[in-house]
Amino acid sequence: RCVAVVGVTSSVLPFAPHVTPADVDPVQHRSDLLAEHCLLFVACTRARDALAISWSGERSRMLDPVTG
């Protein structure tokens with residue numbers, strides 16, 4: 001019912017080994033970033049009563065609001 005997502009720092013999320021560099025394949029890069037964002041979304045939406053997200057240092061840009 002309660003979820004803690006710990007260590008959401010810029011050096012951890014997105015997980016660099018799972019993200020294709022943009023200069024290698026821009027389409028795959030966007031797809032990889034979306035997959036990383038979806039994993040964070042799923043973790044956060046498991047909470048029913050309380051959600052805590054923490055980081056130390058620079059927080060991940062994955063926590064920034066999406067602008068269209």
# chains A, B, ... in the order shown; residues from 1 in each chain; ligands from 1

call {"tool": "residues_around", "arguments": {"residues": "segment 37-41 of chain A", "least_positions_apart": "4", "cutoff": "7 Å", "atoms": "only C-alpha atoms", "output": "list in words"}}
result
Leu33, Thr45 and Met62 of chain A

call {"tool": "write_last_selection", "arguments": {"atoms": "N, CA and C atoms", "output": "CSV table (one decimal), in the first residue's frame"}}
result
chain,number,residue,atom,x,y,z
A,33,LEU,N,14.6,5.8,-23.5
A,33,LEU,CA,14.2,6.7,-22.4
A,33,LEU,C,12.8,6.6,-22.0
A,45,THR,N,3.1,4.2,-9.4
A,45,THR,CA,1.7,4.0,-9.4
A,45,THR,C,1.3,2.7,-8.6
A,62,MET,N,14.0,12.4,-14.9
A,62,MET,CA,12.8,11.7,-15.1
A,62,MET,C,11.7,12.1,-14.2

call {"tool": "select_by_dssp", "arguments": {"residues": "chain A", "states": "strand (DSSP E)", "output": "list in words"}}
result
Cys2, Val3, Ala4, Val5, Ala50, Leu51, Ala52 and Ile53 of chain A

call {"tool": "residues_around", "arguments": {"residues": "Glu36 of chain A", "least_positions_apart": "6", "cutoff": "9 Å", "atoms": "only C-alpha atoms", "output": "ChimeraX atom specification"}}
result
/A:13-15,18-19,62

call {"tool": "residues_around", "arguments": {"residues": "Arg1 of chain A", "least_positions_apart": "5", "cutoff": "8 Å", "atoms": "only C-alpha atoms", "output": "short mmCIF file (atom, residue, chain, number, x, y, z; two decimals) with N, CA, C and O atoms, in the first residue's frame"}}
result
data_model
loop_
_atom_site.label_atom_id
_atom_site.label_comp_id
_atom_site.auth_asym_id
_atom_site.auth_seq_id
_atom_site.Cartn_x
_atom_site.Cartn_y
_atom_site.Cartn_z
N ARG A 46 2.24 1.99 -8.07
CA ARG A 46 1.90 0.86 -7.20
C ARG A 46 1.44 1.33 -5.83
O ARG A 46 0.78 0.60 -5.11
N ALA A 47 1.78 2.56 -5.49
CA ALA A 47 1.39 3.11 -4.18
C ALA A 47 -0.11 3.36 -4.15
O ALA A 47 -0.68 3.90 -5.09
N ARG A 48 -0.74 2.98 -3.06
CA ARG A 48 -2.17 3.25 -2.89
C ARG A 48 -2.41 4.29 -1.79
O ARG A 48 -3.30 5.10 -1.90
N ASP A 49 -1.62 4.22 -0.73
CA ASP A 49 -1.83 5.14 0.39
C ASP A 49 -0.76 6.22 0.48
O ASP A 49 -1.05 7.34 0.86
N ALA A 50 0.48 5.85 0.16
CA ALA A 50 1.57 6.82 0.31
C ALA A 50 2.70 6.49 -0.66
O ALA A 50 2.97 5.32 -0.95
#

call {"tool": "residues_around", "arguments": {"residues": "Thr9 of chain A", "least_positions_apart": "4", "cutoff": "7 Å", "atoms": "only C-alpha atoms", "output": "list in words"}}
result
Leu13, Trp55, Ser56, Gly57, Glu58, Arg59 and Ser60 of chain A

call {"tool": "write_last_selection", "arguments": {"atoms": "C-alpha atoms", "output": "mmCIF file, in the first residue's frame"}}
result
data_model
loop_
_atom_site.group_PDB
_atom_site.id
_atom_site.type_symbol
_atom_site.label_atom_id
_atom_site.label_comp_id
_atom_site.auth_asym_id
_atom_site.auth_seq_id
_atom_site.Cartn_x
_atom_site.Cartn_y
_atom_site.Cartn_z
ATOM 1 C CA LEU A 13 17.967 6.968 -13.758
ATOM 2 C CA TRP A 55 17.435 11.170 -4.128
ATOM 3 C CA SER A 56 20.794 12.454 -2.998
ATOM 4 C CA GLY A 57 22.597 15.079 -5.022
ATOM 5 C CA GLU A 58 21.118 15.832 -8.430
ATOM 6 C CA ARG A 59 17.682 14.297 -8.874
ATOM 7 C CA SER A 60 16.875 12.466 -12.082
#

call {"tool": "residues_around", "arguments": {"residues": "Val5 of chain A", "least_positions_apart": "5", "cutoff": "7 Å", "atoms": "only C-alpha atoms", "output": "ChimeraX atom specification"}}
result
/A:52-54

call {"tool": "write_last_selection", "arguments": {"atoms": "N, CA, C and O atoms", "output": "compact mmCIF listing (two decimals), in the first residue's frame"}}
result
# COMPACT_ATOMS: atom_id res chain seq x y z
N ALA A 52 6.78 7.80 -1.46
CA ALA A 52 7.94 8.61 -1.11
C ALA A 52 9.00 8.38 -2.19
O ALA A 52 9.30 7.23 -2.54
N ILE A 53 9.53 9.47 -2.72
CA ILE A 53 10.60 9.39 -3.71
C ILE A 53 11.78 10.16 -3.14
O ILE A 53 11.63 11.30 -2.69
N SER A 54 12.96 9.53 -3.16
CA SER A 54 14.12 10.21 -2.60
C SER A 54 15.29 10.17 -3.57
O SER A 54 15.35 9.33 -4.46

call {"tool": "atom_distance", "arguments": {"atom1": "atom CA of Ser31 of chain A", "atom2": "atom CA of Ala4 of chain A"}}
result
25.8 Å

call {"tool": "atom_distance", "arguments": {"atom1": "atom CA of Ser10 of chain A", "atom2": "atom CA of Arg61 of chain A"}}
result
6.5 Å

call {"tool": "select_by_dssp", "arguments": {"residues": "chain A", "states": "alpha helix (DSSP H)", "output": "ChimeraX atom specification"}}
result
/A:26-45
